[in-house]
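Here is the file entry14.txt (compact mmCIF, C-alpha atoms).
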# COMPACT_ATOMS: atom_id res chain seq x y z
CA SER I 1 -16.69 -11.00 16.75
CA GLN I 2 -13.11 -9.79 16.83
CA LYS I 3 -12.19 -10.86 20.29
CA ILE I 4 -8.68 -10.62 21.67
CA GLU I 5 -8.08 -11.46 25.30
CA GLN I 6 -5.35 -10.66 27.75
CA ASN I 7 -5.17 -11.55 31.41
CA SER I 8 -6.76 -8.63 33.24
CA GLU I 9 -5.09 -9.55 36.52
CA ALA I 10 -1.82 -7.79 37.21
CA LEU I 11 1.33 -9.87 36.99
CA ASN I 12 3.80 -9.32 39.82
CA ILE I 13 7.27 -10.76 39.48
CA GLN I 14 10.68 -10.32 41.06
CA GLU I 15 13.47 -8.43 39.41
CA GLY I 16 15.65 -10.69 37.29
CA LYS I 17 12.90 -13.21 36.56
CA THR I 18 11.24 -13.75 33.20
CA ALA I 19 7.80 -12.25 32.75
CA THR I 20 5.41 -14.04 30.41
CA LEU I 21 2.25 -12.34 29.20
CA THR I 22 -0.48 -14.04 27.21
CA CYS I 23 -2.65 -12.87 24.33
CA ASN I 24 -5.41 -15.19 23.14
CA TYR I 25 -7.62 -14.58 20.14
CA THR I 26 -10.76 -16.17 18.79
CA ASN I 27 -12.21 -16.91 15.37
CA TYR I 28 -9.75 -16.05 12.62
CA SER I 29 -5.98 -16.12 12.80
CA PRO I 30 -4.53 -12.67 12.02
CA ALA I 31 -1.85 -11.88 9.47
CA TYR I 32 0.20 -10.42 12.31
CA LEU I 33 0.07 -9.41 15.95
CA GLN I 34 1.54 -6.30 17.50
CA TRP I 35 2.64 -5.70 21.07
CA TYR I 36 2.71 -2.28 22.74
CA ARG I 37 3.79 -0.92 26.09
CA GLN I 38 1.74 1.75 27.87
CA ASP I 39 2.85 3.73 30.89
CA PRO I 40 0.30 5.54 33.09
CA GLY I 41 -0.95 8.76 31.51
CA ARG I 42 0.86 8.16 28.22
CA GLY I 43 0.12 6.76 24.81
CA PRO I 44 1.07 3.20 23.84
CA VAL I 45 4.53 2.62 22.42
CA PHE I 46 5.16 -0.06 19.80
CA LEU I 47 7.45 -2.92 20.82
CA LEU I 48 7.24 -5.85 18.40
CA LEU I 49 5.31 -7.17 15.43
CA ILE I 50 5.17 -10.89 14.62
CA ARG I 51 3.69 -12.26 11.41
CA GLU I 52 1.68 -15.47 11.11
CA ASN I 53 4.53 -17.30 9.37
CA GLU I 54 6.98 -16.39 12.15
CA LYS I 55 7.06 -18.62 15.19
CA GLU I 56 9.26 -16.32 17.25
CA LYS I 57 10.65 -12.78 17.19
CA ARG I 58 13.27 -11.26 19.47
CA LYS I 59 14.39 -7.75 20.33
CA GLU I 60 16.96 -7.36 23.08
CA ARG I 61 15.32 -8.79 26.25
CA LEU I 62 11.94 -9.18 24.56
CA LYS I 63 10.64 -12.28 22.82
CA VAL I 64 7.28 -12.86 21.18
CA THR I 65 5.86 -16.16 19.96
CA PHE I 66 2.87 -16.81 17.71
CA ASP I 67 1.06 -20.15 17.82
CA THR I 68 -1.75 -20.26 15.25
CA THR I 69 -2.83 -23.72 16.47
CA LEU I 70 -3.38 -22.52 20.03
CA LYS I 71 -4.55 -19.08 18.78
CA GLN I 72 -2.13 -17.51 21.18
CA SER I 73 0.82 -15.15 21.38
CA LEU I 74 3.21 -15.10 24.32
CA PHE I 75 5.29 -12.05 25.22
CA HIS I 76 8.40 -12.65 27.32
CA ILE I 77 10.64 -10.17 29.09
CA THR I 78 13.82 -11.80 30.33
CA ALA I 79 15.93 -10.44 33.19
CA SER I 80 13.07 -8.15 34.12
CA GLN I 81 13.72 -4.78 35.75
CA PRO I 82 11.51 -2.40 37.73
CA ALA I 83 11.61 -0.11 34.67
CA ASP I 84 9.71 -2.80 32.76
CA SER I 85 6.68 -2.16 34.97
CA ALA I 86 3.89 -1.02 32.65
CA THR I 87 0.76 -2.26 30.91
CA TYR I 88 1.36 -4.40 27.83
CA LEU I 89 -1.17 -4.50 25.03
CA CYS I 90 -1.52 -6.87 22.12
CA ALA I 91 -3.39 -6.00 18.94
CA ARG I 92 -4.48 -7.72 15.74
CA PRO I 93 -5.77 -6.48 12.38
CA PRO I 94 -9.08 -7.55 10.83
CA PRO I 95 -9.33 -10.60 8.56
CA GLY I 96 -7.21 -10.06 5.49
CA GLY I 97 -4.96 -7.51 7.16
CA GLY I 98 -5.14 -3.73 7.34
CA ASN I 99 -4.49 -1.15 10.01
CA LYS I 100 -7.85 -1.14 11.81
CA LEU I 101 -6.44 -2.83 14.88
CA THR I 102 -8.38 -4.47 17.67
CA PHE I 103 -6.58 -4.17 20.99
CA GLY I 104 -6.74 -6.36 24.05
CA THR I 105 -7.41 -4.72 27.40
CA GLY I 106 -3.79 -5.17 28.40
CA THR I 107 -1.96 -6.83 31.27
CA GLN I 108 -0.30 -4.76 33.96
CA LEU I 109 3.19 -5.96 34.86
CA LYS I 110 4.85 -4.99 38.13
CA VAL I 111 8.48 -5.89 38.62
CA GLU I 112 9.50 -5.76 42.26
CA LEU I 113 12.96 -5.42 43.75
CA ASN C 1 10.46 15.31 14.61
CA ALA C 2 7.67 15.98 17.08
CA GLY C 3 5.94 12.72 16.13
CA VAL C 4 2.20 12.71 16.89
CA THR C 5 0.89 15.70 18.80
CA GLN C 6 -2.54 16.14 20.35
CA THR C 7 -4.27 19.16 21.81
CA PRO C 8 -5.65 19.83 24.31
CA LYS C 9 -4.27 17.52 27.00
CA PHE C 10 -7.32 17.96 29.20
CA GLN C 11 -10.83 19.21 28.50
CA VAL C 12 -14.07 19.47 30.46
CA LEU C 13 -17.30 19.91 28.52
CA LYS C 14 -20.92 20.25 29.48
CA THR C 15 -23.45 17.92 27.89
CA GLY C 16 -24.44 19.22 24.48
CA GLN C 17 -21.33 21.29 23.87
CA SER C 18 -19.20 20.70 20.81
CA MET C 19 -15.45 20.63 20.42
CA THR C 20 -12.63 19.44 18.20
CA LEU C 21 -9.71 17.34 19.35
CA GLN C 22 -6.66 18.14 17.30
CA CYS C 23 -4.12 15.62 16.04
CA ALA C 24 -1.09 16.27 13.88
CA GLN C 25 1.88 14.19 12.74
CA ASP C 26 5.07 15.26 11.02
CA MET C 27 6.24 11.86 9.79
CA ASN C 28 4.38 11.96 6.46
CA HIS C 29 2.31 8.94 7.46
CA GLU C 30 -0.68 8.08 5.31
CA TYR C 31 -2.57 6.11 7.95
CA MET C 32 -4.11 7.87 10.95
CA SER C 33 -6.55 6.64 13.58
CA TRP C 34 -8.53 7.84 16.56
CA TYR C 35 -9.04 5.57 19.57
CA ARG C 36 -10.77 5.97 22.90
CA GLN C 37 -9.58 4.16 25.99
CA ASP C 38 -11.89 3.34 28.87
CA PRO C 39 -11.18 1.28 32.00
CA GLY C 40 -11.76 -2.41 31.34
CA MET C 41 -12.53 -1.79 27.66
CA GLY C 42 -9.12 -1.26 26.18
CA LEU C 43 -8.45 0.86 23.12
CA ARG C 44 -11.35 1.04 20.70
CA LEU C 45 -11.11 2.44 17.19
CA ILE C 46 -13.38 5.40 16.48
CA HIS C 47 -12.40 6.55 12.98
CA TYR C 48 -9.63 5.81 10.58
CA SER C 49 -8.01 7.38 7.52
CA VAL C 50 -5.77 5.90 4.84
CA GLY C 51 -4.88 9.25 3.33
CA ALA C 52 -6.05 12.80 2.69
CA GLY C 53 -9.71 12.83 1.74
CA ILE C 54 -10.33 9.22 2.78
CA THR C 55 -11.91 8.25 6.10
CA ASP C 56 -13.66 5.17 7.42
CA GLN C 57 -15.55 4.21 10.55
CA GLY C 58 -14.13 2.08 13.30
CA GLU C 59 -15.80 0.12 16.05
CA VAL C 60 -17.40 3.06 17.93
CA PRO C 61 -18.00 5.95 15.47
CA ASN C 62 -21.35 7.26 16.76
CA GLY C 63 -21.19 10.82 18.06
CA TYR C 64 -17.89 11.58 16.33
CA ASN C 65 -16.98 13.10 12.98
CA VAL C 66 -13.64 13.27 11.22
CA SER C 67 -12.17 14.73 8.07
CA ARG C 68 -8.70 14.55 6.56
CA SER C 69 -7.90 17.53 4.38
CA THR C 70 -4.11 17.19 4.71
CA THR C 71 -1.69 14.34 5.34
CA GLU C 72 -0.57 15.95 8.58
CA ASP C 73 -3.86 16.65 10.38
CA PHE C 74 -6.73 14.45 11.49
CA PRO C 75 -9.16 16.31 13.81
CA LEU C 76 -11.91 14.54 15.73
CA ARG C 77 -15.15 16.45 16.23
CA LEU C 78 -17.72 15.92 18.94
CA LEU C 79 -20.87 17.66 17.74
CA SER C 80 -22.95 17.30 20.92
CA ALA C 81 -21.00 15.89 23.83
CA ALA C 82 -22.54 13.24 26.07
CA PRO C 83 -21.33 11.87 29.42
CA SER C 84 -20.72 8.53 27.67
CA GLN C 85 -17.96 10.25 25.72
CA THR C 86 -15.93 10.81 28.88
CA SER C 87 -12.73 8.99 28.05
CA VAL C 88 -9.08 9.30 27.10
CA TYR C 89 -8.62 9.83 23.38
CA PHE C 90 -5.54 8.78 21.47
CA CYS C 91 -4.54 9.62 17.94
CA ALA C 92 -2.13 7.33 16.10
CA SER C 93 -0.38 7.24 12.76
CA SER C 94 1.54 4.67 10.75
CA TYR C 95 3.56 4.65 7.57
CA SER C 96 1.61 1.89 5.87
CA GLU C 97 -0.61 -1.09 6.41
CA GLY C 98 0.85 -3.63 8.78
CA ARG C 99 3.42 -1.27 10.23
CA GLU C 100 3.74 -0.05 13.81
CA GLN C 101 1.47 2.72 15.00
CA TYR C 102 2.82 5.85 16.67
CA PHE C 103 0.53 7.22 19.34
CA GLY C 104 0.08 10.73 20.62
CA PRO C 105 0.09 11.61 24.33
CA GLY C 106 -3.70 11.56 24.58
CA THR C 107 -6.50 13.94 25.50
CA ARG C 108 -8.44 13.34 28.70
CA LEU C 109 -12.03 14.46 28.15
CA THR C 110 -14.67 14.77 30.82
CA VAL C 111 -18.30 15.48 29.91
CA THR C 112 -20.51 16.59 32.80
Please lay out the structure from this file as structure tokens.
Amino acid sequence: SQKIEQNSEALNIQEGKTATLTCNYTNYSPAYLQWYRQDPGRGPVFLLLIRENEKEKRKERLKVTFDTTLKQSLFHITASQPADSATYLCARPPPGGGNKLTFGTGTQLKVEL
Amino acid sequence: NAGVTQTPKFQVLKTGQSMTLQCAQDMNHEYMSWYRQDPGMGLRLIHYSVGAGITDQGEVPNGYNVSRSTTEDFPLRLLSAAPSQTSVYFCASSYSEGREQYFGPGTRLTVT
């Protein structure tokens, strides 16, 4: 099966702290992983893509890691702000690549003042 | 660019009725997808297209039909709506394989 798991419990953190979200996958290791942000009532918005040969990718306050040994990707938001509050989704393609993504259920992040 | 647009935003159907959810993109993307999103289930792929005239099934295709006559449009048809099809539907497009997907604003469908 193409299982991809994210922590379903909401993550509450204080403003200014680093938020770390986890994406675990089973069976095969994907060619890449994608991370999206989704706000209530809106469609997901792409944030970062990390390929299997990349250990780490950064974009402004965002950092994604990809550990094929642990079958895990970590998504970090440094210096978090209340505006970062949203649900974050990870997604992987089928074996061999392609665009037919399988999404995790997402983790809701709440950044409190 | 408008990006990915979807109509309608909301729709209520009675069991057995048919309807078409519209999706259009103005970015000249070859790849387009339809997903449904249900609480606790995440986004699940319904149908997929890699270009005009080419479609493929996703994880949950039953009860839905698609066609792709142009690069811009990718409508999703419900031939006989069922309460199990109550969901939020998202259309997405991407430039090529392995690239980011651009999502529309979604259609919230309720089947009574």
For chain C, report every residue with an atom at most 10 Å from chain I (counting all atoms listed in the file), formatted as JSON, numbers by chain.
-> {"C": [31, 32, 33, 35, 37, 38, 39, 40, 41, 42, 43, 44, 45, 46, 47, 48, 49, 50, 56, 57, 58, 59, 88, 89, 90, 91, 92, 93, 94, 96, 97, 98, 99, 100, 101, 102, 103, 104, 105, 106, 107, 108]}
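What separates atom CA of I:Ile4 from atom CA of I:Glu60 is a distance of 25.9 Å.
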Which residues, written as a PyMOL selection string, have at least one atom at most 9 Å from I:Thr87, with all atoms listed in the file counted and residues fewer than 4 positions away on the same chain left out?
-> chain I and resi 10+36-40+44+106-110
For C:Ser18, work out the shell of residues within 10 Å, counting only C-alpha atoms and skipping chain neighbours fewer than 6 positions away, then give it as a ChimeraX atom specification.
-> /C:77-82
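Atom CA of C:Val4 is found 19.3 Å from atom CA of C:Gly53.
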As a compact mmCIF listing (two decimals), in the frame of the given file, could you write out stretch 25-42 of chain C once it has been completed with N, CA, C and O atoms?
# COMPACT_ATOMS: atom_id res chain seq x y z
N GLN C 25 0.64 14.98 12.78
CA GLN C 25 1.88 14.19 12.74
C GLN C 25 2.79 14.76 11.67
O GLN C 25 2.33 15.25 10.63
N ASP C 26 4.09 14.68 11.94
CA ASP C 26 5.07 15.26 11.02
C ASP C 26 5.96 14.18 10.40
O ASP C 26 7.10 14.45 10.02
N MET C 27 5.45 12.97 10.32
CA MET C 27 6.24 11.86 9.79
C MET C 27 5.80 11.46 8.38
O MET C 27 6.25 10.45 7.85
N ASN C 28 4.88 12.22 7.80
CA ASN C 28 4.38 11.96 6.46
C ASN C 28 3.70 10.59 6.36
O ASN C 28 3.78 9.91 5.33
N HIS C 29 3.03 10.21 7.45
CA HIS C 29 2.31 8.94 7.46
C HIS C 29 0.96 9.08 6.78
O HIS C 29 0.23 10.05 6.98
N GLU C 30 0.62 8.06 5.98
CA GLU C 30 -0.68 8.08 5.31
C GLU C 30 -1.82 7.64 6.23
O GLU C 30 -2.94 8.09 6.13
N TYR C 31 -1.53 6.69 7.11
CA TYR C 31 -2.57 6.11 7.95
C TYR C 31 -2.67 6.85 9.28
O TYR C 31 -1.65 7.06 9.96
N MET C 32 -3.88 7.25 9.64
CA MET C 32 -4.11 7.87 10.95
C MET C 32 -5.39 7.32 11.55
O MET C 32 -6.33 6.97 10.82
N SER C 33 -5.41 7.24 12.88
CA SER C 33 -6.55 6.64 13.58
C SER C 33 -6.85 7.42 14.84
O SER C 33 -5.96 8.05 15.42
N TRP C 34 -8.11 7.34 15.26
CA TRP C 34 -8.53 7.84 16.56
C TRP C 34 -9.06 6.67 17.38
O TRP C 34 -9.89 5.88 16.89
N TYR C 35 -8.58 6.59 18.63
CA TYR C 35 -9.04 5.57 19.57
C TYR C 35 -9.55 6.27 20.83
O TYR C 35 -9.13 7.36 21.17
N ARG C 36 -10.44 5.57 21.53
CA ARG C 36 -10.77 5.97 22.90
C ARG C 36 -10.40 4.82 23.81
O ARG C 36 -10.45 3.64 23.40
N GLN C 37 -10.00 5.17 25.03
CA GLN C 37 -9.58 4.16 25.99
C GLN C 37 -10.36 4.35 27.28
O GLN C 37 -10.29 5.41 27.91
N ASP C 38 -11.08 3.33 27.65
CA ASP C 38 -11.89 3.34 28.87
C ASP C 38 -11.47 2.19 29.75
O ASP C 38 -11.08 1.12 29.26
N PRO C 39 -11.58 2.35 31.07
CA PRO C 39 -11.18 1.28 32.00
C PRO C 39 -11.91 -0.02 31.69
O PRO C 39 -13.13 -0.04 31.52
N GLY C 40 -11.17 -1.10 31.59
CA GLY C 40 -11.76 -2.41 31.34
C GLY C 40 -12.18 -2.67 29.91
O GLY C 40 -12.62 -3.77 29.58
N MET C 41 -12.08 -1.64 29.06
CA MET C 41 -12.53 -1.79 27.66
C MET C 41 -11.36 -1.79 26.68
O MET C 41 -11.51 -2.18 25.53
N GLY C 42 -10.23 -1.33 27.10
CA GLY C 42 -9.12 -1.26 26.18
C GLY C 42 -9.27 -0.14 25.17
O GLY C 42 -10.18 0.69 25.25
